[in-house]
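A.B. asks: coords-v2.tsv is the file, holding TSV, C-alpha atoms:
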chain	number	residue	atom	x	y	z
J	164	MET	CA	-21.25	9.69	-14.75
J	165	SER	CA	-21.92	5.95	-15.15
J	166	GLU	CA	-21.27	6.48	-18.85
J	167	PHE	CA	-17.79	7.70	-17.91
J	168	PHE	CA	-17.07	4.52	-15.92
J	169	TYR	CA	-18.62	2.37	-18.66
J	170	MET	CA	-15.97	3.64	-21.14
J	171	GLY	CA	-18.06	2.63	-24.15
J	172	GLY	CA	-17.86	-1.04	-23.15
J	173	TYR	CA	-14.07	-0.97	-22.63
J	174	ALA	CA	-14.30	-0.42	-18.87
J	175	TRP	CA	-12.37	-3.61	-17.95
J	176	TYR	CA	-9.37	-2.73	-20.14
J	177	VAL	CA	-9.27	1.00	-19.47
J	178	TRP	CA	-9.73	0.75	-15.70
J	179	MET	CA	-7.36	-2.20	-15.30
J	180	ALA	CA	-4.68	-0.13	-17.04
J	181	TYR	CA	-5.39	3.08	-15.11
J	182	GLY	CA	-5.93	1.19	-11.85
J	183	ALA	CA	-2.52	-0.50	-12.09
J	184	PHE	CA	-0.94	2.86	-12.92
J	185	ALA	CA	-2.49	4.55	-9.88
J	186	LEU	CA	-1.75	1.58	-7.61
J	187	ALA	CA	1.90	1.47	-8.69
J	188	ILE	CA	2.38	5.16	-7.90
J	189	VAL	CA	0.68	4.87	-4.49
J	190	ILE	CA	2.76	1.79	-3.58
J	191	GLU	CA	5.99	3.41	-4.71
J	192	VAL	CA	5.37	6.63	-2.77
J	193	LEU	CA	4.34	4.78	0.42
J	194	ALA	CA	7.25	2.33	0.17
J	195	LEU	CA	9.74	5.16	-0.23
J	196	ARG	CA	8.24	7.04	2.72
J	197	ALA	CA	8.49	3.91	4.91
J	198	ARG	CA	12.08	3.31	3.78
J	199	ARG	CA	13.05	6.89	4.61
J	200	ARG	CA	11.42	6.69	8.06
J	201	ARG	CA	13.23	3.40	8.77
J	202	ALA	CA	16.57	4.89	7.75
J	203	ILE	CA	16.08	7.95	9.95
J	204	GLU	CA	14.92	5.88	12.94
J	205	LEU	CA	17.93	3.60	12.61
J	206	LEU	CA	20.28	6.58	12.42
J	207	ARG	CA	18.68	8.22	15.47
J	208	ALA	CA	18.97	4.98	17.44
J	209	THR	CA	22.63	4.66	16.49
J	210	ALA	CA	23.32	8.29	17.37
J	211	ALA	CA	21.58	7.86	20.74
J	212	ALA	CA	23.58	4.71	21.45
J	213	ASP	CA	26.83	6.52	20.68
J	214	ASN	CA	25.70	9.21	23.14
J	215	ALA	CA	28.57	11.51	22.23
J	216	PRO	CA	28.40	11.71	18.44
J	217	ARG	CA	32.04	11.78	17.45
J	218	ALA	CA	33.02	12.57	13.88
J	219	ARG	CA	33.82	9.43	11.97
J	220	LEU	CA	35.46	10.52	8.80
J	221	ASN	CA	35.41	7.22	6.94
J	222	PRO	CA	32.02	6.96	5.20
J	223	ALA	CA	32.71	3.62	3.51
J	224	ARG	CA	30.37	1.42	5.48
J	225	SER	CA	27.89	-1.06	4.20
J	226	THR	CA	24.37	-0.01	3.35
Y	56	MET	CA	-10.03	19.14	-21.09
Y	57	VAL	CA	-11.70	16.09	-22.58
Y	58	ALA	CA	-10.15	14.25	-25.51
Y	59	PRO	CA	-12.66	12.91	-28.04
Y	60	THR	CA	-13.44	9.24	-28.56
Y	61	ASP	CA	-11.37	7.51	-31.26
Y	62	ALA	CA	-13.21	6.61	-34.49
Y	63	THR	CA	-11.99	3.00	-34.71
Y	64	GLN	CA	-10.78	2.14	-31.20
Y	65	HIS	CA	-13.55	3.99	-29.33
Y	66	ASP	CA	-12.69	4.44	-25.67
Y	67	ALA	CA	-10.02	1.71	-25.56
Y	68	TYR	CA	-7.50	4.11	-27.10
Y	69	ARG	CA	-7.56	6.14	-23.86
Y	70	ILE	CA	-4.94	3.74	-22.51
Y	71	ILE	CA	-2.48	5.61	-24.77
Y	72	PHE	CA	-2.29	8.40	-22.16
Y	73	ILE	CA	-0.50	6.10	-19.72
Y	74	HIS	CA	0.95	3.45	-22.05
Y	75	VAL	CA	3.09	5.76	-24.17
Y	76	PRO	CA	4.47	7.94	-21.31
Y	77	THR	CA	5.41	4.90	-19.18
Y	78	ALA	CA	7.02	3.16	-22.18
Y	79	TRP	CA	9.03	6.27	-23.03
Y	80	MET	CA	10.09	6.72	-19.41
Y	81	ALA	CA	11.08	3.05	-19.10
Y	82	MET	CA	13.51	3.48	-22.00
Y	83	PHE	CA	14.67	6.95	-21.02
Y	84	LEU	CA	15.28	6.05	-17.37
Y	85	TYR	CA	17.38	3.08	-18.50
Y	86	LEU	CA	19.61	5.38	-20.55
Y	87	VAL	CA	19.94	7.77	-17.60
Y	88	MET	CA	20.77	4.82	-15.31
Y	89	ALA	CA	23.42	3.63	-17.80
Y	90	LEU	CA	24.85	7.16	-17.99
Y	91	TRP	CA	25.18	7.45	-14.20
Y	92	SER	CA	26.67	3.95	-14.18
Y	93	ALA	CA	29.27	4.98	-16.77
Y	94	LEU	CA	30.18	8.03	-14.66
Y	95	ALA	CA	30.37	5.85	-11.54
Y	96	LEU	CA	32.68	3.36	-13.28
Y	97	GLY	CA	34.82	6.01	-14.95
Y	98	PHE	CA	35.29	8.43	-12.08
Y	99	GLN	CA	34.57	6.20	-9.06
Y	100	THR	CA	32.04	8.73	-7.82
Y	101	ARG	CA	29.75	7.40	-5.11
Y	102	LEU	CA	26.85	9.74	-5.81
Y	103	SER	CA	26.66	8.69	-9.49
Y	104	ALA	CA	26.30	5.07	-8.39
Y	105	MET	CA	23.63	6.10	-5.86
Y	106	MET	CA	21.71	7.88	-8.64
Y	107	ALA	CA	21.84	4.72	-10.75
Y	108	GLN	CA	20.69	2.74	-7.69
Y	109	ALA	CA	17.80	5.18	-7.14
Y	110	ILE	CA	16.60	4.97	-10.76
Y	111	ALA	CA	16.37	1.16	-11.03
Y	112	PRO	CA	13.13	0.58	-9.01
Y	113	THR	CA	11.23	3.38	-10.77
Y	114	GLY	CA	12.50	2.18	-14.14
Y	115	ALA	CA	11.30	-1.33	-13.34
Y	116	ALA	CA	7.88	0.05	-12.35
Y	117	MET	CA	7.65	2.01	-15.61
Y	118	ALA	CA	8.66	-1.00	-17.74
Y	119	PHE	CA	6.10	-3.14	-15.92
Y	120	LEU	CA	3.36	-0.52	-16.41
Y	121	ALA	CA	4.21	-0.17	-20.11
Y	122	LEU	CA	3.78	-3.94	-20.54
Y	123	TRP	CA	0.69	-4.11	-18.33
Y	124	THR	CA	-1.16	-1.23	-19.98
Y	125	GLY	CA	-0.01	-2.55	-23.37
Y	126	ALA	CA	-1.57	-5.92	-22.58
Y	127	PHE	CA	-4.90	-4.32	-21.64
Y	128	TRP	CA	-4.76	-2.23	-24.78
Y	129	GLY	CA	-3.76	-5.12	-27.00
Y	130	ARG	CA	-6.60	-7.36	-25.88
Y	131	PRO	CA	-9.49	-5.21	-27.26
Y	132	THR	CA	-7.59	-3.91	-30.30
Y	133	TRP	CA	-5.34	-6.79	-31.41
Y	134	GLY	CA	-7.31	-9.61	-29.79
Y	135	THR	CA	-4.54	-10.77	-27.47
Y	136	TYR	CA	-3.00	-9.73	-24.15
Y	137	TRP	CA	0.42	-10.92	-25.21
Y	138	ALA	CA	2.34	-11.94	-28.31
Y	139	TRP	CA	6.05	-12.54	-28.86
Y	140	ASP	CA	6.20	-9.40	-30.91
Y	141	ALA	CA	9.60	-7.70	-31.35
Y	142	ARG	CA	8.74	-4.59	-29.35
Y	143	MET	CA	6.91	-6.46	-26.57
Y	144	THR	CA	9.70	-9.01	-26.23
Y	145	SER	CA	12.44	-6.36	-26.13
Y	146	THR	CA	10.45	-4.37	-23.54
Y	147	LEU	CA	10.08	-7.54	-21.46
Y	148	ILE	CA	13.87	-7.92	-21.65
Y	149	LEU	CA	14.13	-4.30	-20.45
Y	150	LEU	CA	11.99	-5.19	-17.40
Y	151	PHE	CA	14.21	-8.21	-16.72
Y	152	LEU	CA	17.32	-6.02	-17.00
Y	153	TYR	CA	15.90	-3.66	-14.37
Y	154	LEU	CA	14.99	-6.61	-12.14
Y	155	GLY	CA	18.44	-8.10	-12.75
Y	156	VAL	CA	20.13	-4.88	-11.63
Y	157	LEU	CA	17.94	-4.80	-8.49
Y	158	ALA	CA	18.63	-8.48	-7.71
Y	159	LEU	CA	22.36	-8.08	-8.30
Y	160	ARG	CA	22.53	-5.19	-5.83
Y	161	ASN	CA	20.67	-7.22	-3.22
Y	162	ALA	CA	23.00	-10.17	-3.76
Y	163	ILE	CA	26.23	-8.24	-3.06
Y	164	ASP	CA	26.87	-7.05	0.49
Y	165	ASP	CA	29.66	-4.59	-0.21
Y	166	PRO	CA	27.96	-1.50	-1.74
Y	167	ARG	CA	31.03	-0.40	-3.70
Y	168	ARG	CA	31.35	-3.82	-5.32
Y	169	ALA	CA	27.59	-3.82	-5.97
Y	170	ASP	CA	27.97	-0.40	-7.63
Y	171	ARG	CA	30.55	-1.73	-10.07
Y	172	ALA	CA	28.67	-4.96	-10.84
Y	173	CYS	CA	25.38	-3.11	-11.40
Y	174	ALA	CA	27.13	-0.50	-13.54
Y	175	VAL	CA	28.60	-3.17	-15.82
Y	176	LEU	CA	25.22	-4.92	-16.12
Y	177	SER	CA	23.43	-1.59	-16.79
Y	178	LEU	CA	25.89	-0.61	-19.50
Y	179	THR	CA	25.73	-4.02	-21.17
Y	180	GLY	CA	21.95	-3.92	-21.17
Y	181	ALA	CA	21.87	-0.42	-22.69
Y	182	VAL	CA	22.20	-2.03	-26.14
Y	183	ASN	CA	18.59	-3.18	-25.68
Y	184	VAL	CA	17.18	0.37	-25.66
Y	185	PRO	CA	17.89	1.17	-29.34
Y	186	ILE	CA	16.59	-2.31	-30.16
Y	187	ILE	CA	13.25	-1.43	-28.51
Y	188	TYR	CA	13.20	1.96	-30.17
Y	189	PHE	CA	13.82	0.68	-33.70
Y	190	SER	CA	12.03	-2.67	-33.23
Y	191	VAL	CA	8.89	-1.46	-35.05
Y	192	GLN	CA	11.00	-0.55	-38.07
Y	193	TRP	CA	13.37	-3.52	-38.09
Y	194	TRP	CA	10.78	-6.24	-37.60
Y	195	ASN	CA	7.30	-6.10	-39.01
Y	196	THR	CA	5.47	-7.87	-36.19
Y	197	LEU	CA	2.34	-6.96	-34.24
Y	198	HIS	CA	3.18	-3.59	-32.68
Y	199	GLN	CA	2.53	-0.69	-35.03
Y	200	GLY	CA	5.00	2.05	-35.97
Y	201	SER	CA	5.16	5.29	-34.06
Y	202	THR	CA	2.39	7.84	-34.49
Y	203	ILE	CA	4.49	10.74	-33.27
Y	204	SER	CA	7.94	11.69	-34.51
Y	205	ALA	CA	10.14	14.75	-34.31
Y	206	THR	CA	10.41	15.06	-38.08
Y	207	ALA	CA	6.81	14.72	-39.28
Y	208	ALA	CA	3.42	16.04	-38.27
Y	209	PRO	CA	1.76	13.74	-35.71
Y	210	LYS	CA	-0.92	11.44	-37.08
Y	211	MET	CA	-3.46	12.14	-34.34
Y	212	ALA	CA	-5.98	14.76	-33.30
Y	213	SER	CA	-4.46	17.80	-31.62
Y	214	MET	CA	-6.62	17.39	-28.50
Y	215	MET	CA	-5.35	13.82	-28.08
Y	216	LEU	CA	-1.79	14.98	-28.65
Y	217	THR	CA	-2.12	17.74	-26.04
Y	218	GLY	CA	-3.42	15.21	-23.52
Y	219	LEU	CA	-0.62	12.80	-24.32
Y	220	LEU	CA	2.08	15.46	-23.96
Y	221	LEU	CA	0.54	16.60	-20.68
Y	222	MET	CA	0.63	13.04	-19.32
Y	223	THR	CA	4.18	12.59	-20.61
Y	224	PHE	CA	5.36	15.62	-18.66
Y	225	ALA	CA	3.39	14.48	-15.60
Y	226	VAL	CA	5.01	11.04	-15.63
Y	227	TRP	CA	8.37	12.65	-16.33
Y	228	PHE	CA	8.16	14.94	-13.30
Y	229	TYR	CA	6.82	12.15	-11.12
Y	230	CYS	CA	9.88	10.06	-12.02
Y	231	ILE	CA	12.26	12.94	-11.31
Y	232	ALA	CA	10.61	13.56	-7.93
Y	233	ILE	CA	10.54	9.93	-6.79
Y	234	VAL	CA	14.12	9.23	-7.97
Y	235	LEU	CA	15.50	12.30	-6.17
Y	236	GLY	CA	13.46	11.38	-3.09
Y	237	ARG	CA	14.89	7.87	-3.18
Y	238	VAL	CA	18.47	9.04	-3.64
Y	239	ARG	CA	18.10	11.24	-0.52
Y	240	THR	CA	17.18	8.14	1.47
Y	241	ILE	CA	19.97	6.08	-0.14
Y	242	ILE	CA	22.48	8.78	0.87
Y	243	LEU	CA	21.26	8.55	4.48
Y	244	GLU	CA	21.51	4.75	4.39
Y	245	ARG	CA	24.93	4.55	2.80
Y	246	GLU	CA	26.60	7.53	4.46
Y	247	ARG	CA	25.57	6.50	7.95
Y	248	GLY	CA	28.56	6.70	10.20
Y	249	THR	CA	29.52	10.12	8.91
Y	250	ALA	CA	29.26	13.03	11.29
Y	251	TRP	CA	27.05	15.12	9.02
Y	252	VAL	CA	24.40	12.41	8.71
Y	253	ALA	CA	24.30	11.92	12.49
Y	254	GLN	CA	23.89	15.68	12.86
Y	255	ALA	CA	21.24	15.88	10.15
Y	256	VAL	CA	18.95	13.34	11.83
Y	257	THR	CA	19.44	14.43	15.44
Y	258	THR	CA	19.00	18.19	15.08
Mind turning this structure into structure tokens?
C.D. replies:
Amino acid sequence: MSEFFYMGGYAWYVWMAYGAFALAIVIEVLALRARRRRAIELLRATAAADNAPRARLNPARST
Amino acid sequence: MVAPTDATQHDAYRIIFIHVPTAWMAMFLYLVMALWSALALGFQTRLSAMMAQAIAPTGAAMAFLALWTGAFWGRPTWGTYWAWDARMTSTLILLFLYLGVLALRNAIDDPRRADRACAVLSLTGAVNVPIIYFSVQWWNTLHQGSTISATAAPKMASMMLTGLLLMTFAVWFYCIAIVLGRVRTIILERERGTAWVAQAVTT
């Protein structure tokens, strides 16, 4: 097992590369999840404030 | 499945399993982003522009990872983390193009204007992708030529190749999943104010 992590003496290079890869994926997934939650919360708050959700047909509003 | 240790590079070569897939995806995602941008410019379709918008962050991540893993592969094999080699430099430009597209979108408040500006920048930058691809043939600098091509037998052990293809498909499907997930959120953000979005989040 420790031989696996030792990577024949190349541990620093191999694990820095794989670590960054794993970290990037975790960050991207968590960031997207947070962004989606924020968007939905904001939309719910707006819908609640409108109280009666009337159909607004013009979608061209800023992001 | 365990791929064997390389005869000359020992265990350092194992970086190939993430370096090559991320580098391929960085280039491929840019072409897809440019294609959606062209459709958005040509047909004024909002969803095409949203797809291009959703691809940019993942493309930037892939370009960064290709450079990062390349640096940590280059150090033990070539003796340096970085050199102004043709392929490395053109990949760095690719990363800056992605970052430029992201910055441009943040700088423009009106999303439709941002769509057009980002589309023009994406299409202009697309010329860089063939430069990266052919850089190892056009300039004889540090980065070696490709080991795998569609026209000749691959110059590597079959177990290594299987692992590499597996990782390529894994990264490919990850990118598809995260881009589609992001475009769903972008639709919610940009189509707020429509009745269907209000219904979708309240029911």
A.B. asks: Hey, what's within 9 Å of Ala183 in chain J if we count all atoms listed in the file and toss same-chain stuff fewer than 5 positions away? As a ChimeraX atom specification, please?
C.D. replies: /J:178,188 /Y:120,123-124
A.B. asks: Please provide the set of residues having any atom within 12 Å of Gln99 in chain Y, restricted to all atoms listed in the file, with same-chain residues fewer than 4 positions apart removed, written as a list of chain:residue names.
C.D. replies: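 Final neighbour list, sorted by chain and number: Y:Trp91, Y:Ser92, Y:Ala93, Y:Leu94, Y:Ala95, Y:Ser103, Y:Ala104, Y:Met105, Y:Arg167, Y:Arg168, Y:Asp170, Y:Arg171, Y:Ala174.
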A.B. asks: Fewer than 4 positions away in the same chain doesn't count, so skip those; otherwise give me all residues within 12 Å of Phe168 in chain J, counting all atoms listed in the file, as an MDAnalysis selection string.
C.D. replies: (chainID J and resid 164 172:179 181) or (chainID Y and resid 66)
A.B. asks: Excluding Thr146 in chain Y and any residue of its chain fewer than 2 positions from it, enumerate the residues within 8 Å of it, using only C-alpha atoms, and give them as a list in words.
C.D. replies: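 Counting only C-alpha atoms, the residues come to Ala118, Leu122, Arg142, Met143, Thr144, Ile148, Leu149, Leu150 and Ile187 of chain Y.
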A.B. asks: Kindly give the distance, in Å, that separates CA of Ser213 in chain Y and CA of Tyr188 in chain Y, rounded to a single decimal.
C.D. replies: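 Taking CA of Ser213 in chain Y and CA of Tyr188 in chain Y, their separation equals 23.8 Å.
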A.B. asks: Within 6 Å of chain J, which residues of chain Y show up when using only C-alpha atoms, listed as a list of chain:residue names?
C.D. replies: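 Using only C-alpha atoms, chain Y residues at most 6 Å from chain J: Y:Asp66, Y:Ala67, Y:Ile70, Y:Thr124, Y:Phe127, Y:Asp165, Y:Pro166, Y:Thr240, Y:Glu244, Y:Arg245, Y:Glu246, Y:Thr249, Y:Ala250.
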A.B. asks: What does the distance between CA of Gly236 in chain Y and CA of Phe224 in chain Y come to in Å, to one decimal place?
C.D. replies: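 Computed distance, CA of Gly236 in chain Y to CA of Phe224 in chain Y, equals 18.1 Å.
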A.B. asks: I'd like the neighbourhood of Val191 in chain Y as a list in words, where a residue qualifies if any of its atoms comes within 10 Å (using only C-alpha atoms), though same-chain residues fewer than 3 positions away should be ignored.
C.D. replies: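 The residues that qualify are Asp140, Ala141, Arg142, Ile186, Ile187, Tyr188, Trp194, Asn195, Thr196, Leu197, His198, Gln199, Gly200 and Ser201 of chain Y.
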A.B. asks: Dump C-alpha atoms for the selected residues as a PDB file, in the coordinates of the input?
C.D. replies:
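Just written: again_8.pdb:
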ATOM      1  CA  ASP Y 140       6.200  -9.400 -30.910  1.00  0.00           C
ATOM      2  CA  ALA Y 141       9.600  -7.700 -31.350  1.00  0.00           C
ATOM      3  CA  ARG Y 142       8.740  -4.590 -29.350  1.00  0.00           C
ATOM      4  CA  ILE Y 186      16.590  -2.310 -30.160  1.00  0.00           C
ATOM      5  CA  ILE Y 187      13.250  -1.430 -28.510  1.00  0.00           C
ATOM      6  CA  TYR Y 188      13.200   1.960 -30.170  1.00  0.00           C
ATOM      7  CA  TRP Y 194      10.780  -6.240 -37.600  1.00  0.00           C
ATOM      8  CA  ASN Y 195       7.300  -6.100 -39.010  1.00  0.00           C
ATOM      9  CA  THR Y 196       5.470  -7.870 -36.190  1.00  0.00           C
ATOM     10  CA  LEU Y 197       2.340  -6.960 -34.240  1.00  0.00           C
ATOM     11  CA  HIS Y 198       3.180  -3.590 -32.680  1.00  0.00           C
ATOM     12  CA  GLN Y 199       2.530  -0.690 -35.030  1.00  0.00           C
ATOM     13  CA  GLY Y 200       5.000   2.050 -35.970  1.00  0.00           C
ATOM     14  CA  SER Y 201       5.160   5.290 -34.060  1.00  0.00           C
TER      15      SER Y 201
END
A.B. asks: Rounded to one decimal place, report the CA of Ile73 in chain Y-CA of Val226 in chain Y distance in Å.
C.D. replies: 8.5 Å
A.B. asks: Under the rule that only C-alpha atoms are counted, which of Y:Ser145, Y:Ile242, Y:Gly125, Y:Met106 is the nearest residue to Ser190 in chain Y?
C.D. replies: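 The closest residue to Ser190 in chain Y is Y:Ser145.
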A.B. asks: Could you please give me, as a PyMOL selection string, the residues of protein, DNA or RNA lying at most 10 Å from (17.7, 5.5, -16.2) in the coordinate frame of the file, considering all atoms listed in the file?
C.D. replies: chain Y and resi 80-92+106-115+153+177+181+230+234
A.B. asks: Mind writing the picked residues with C-alpha atoms as a short mmCIF file (atom, residue, chain, number, x, y, z; two decimals), in the coordinates of the input?
C.D. replies:
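The resulting file, selection_13.cif, is shown below:
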data_model
loop_
_atom_site.label_atom_id
_atom_site.label_comp_id
_atom_site.auth_asym_id
_atom_site.auth_seq_id
_atom_site.Cartn_x
_atom_site.Cartn_y
_atom_site.Cartn_z
CA MET Y 80 10.09 6.72 -19.41
CA ALA Y 81 11.08 3.05 -19.10
CA MET Y 82 13.51 3.48 -22.00
CA PHE Y 83 14.67 6.95 -21.02
CA LEU Y 84 15.28 6.05 -17.37
CA TYR Y 85 17.38 3.08 -18.50
CA LEU Y 86 19.61 5.38 -20.55
CA VAL Y 87 19.94 7.77 -17.60
CA MET Y 88 20.77 4.82 -15.31
CA ALA Y 89 23.42 3.63 -17.80
CA LEU Y 90 24.85 7.16 -17.99
CA TRP Y 91 25.18 7.45 -14.20
CA SER Y 92 26.67 3.95 -14.18
CA MET Y 106 21.71 7.88 -8.64
CA ALA Y 107 21.84 4.72 -10.75
CA GLN Y 108 20.69 2.74 -7.69
CA ALA Y 109 17.80 5.18 -7.14
CA ILE Y 110 16.60 4.97 -10.76
CA ALA Y 111 16.37 1.16 -11.03
CA PRO Y 112 13.13 0.58 -9.01
CA THR Y 113 11.23 3.38 -10.77
CA GLY Y 114 12.50 2.18 -14.14
CA ALA Y 115 11.30 -1.33 -13.34
CA TYR Y 153 15.90 -3.66 -14.37
CA SER Y 177 23.43 -1.59 -16.79
CA ALA Y 181 21.87 -0.42 -22.69
CA CYS Y 230 9.88 10.06 -12.02
CA VAL Y 234 14.12 9.23 -7.97
#
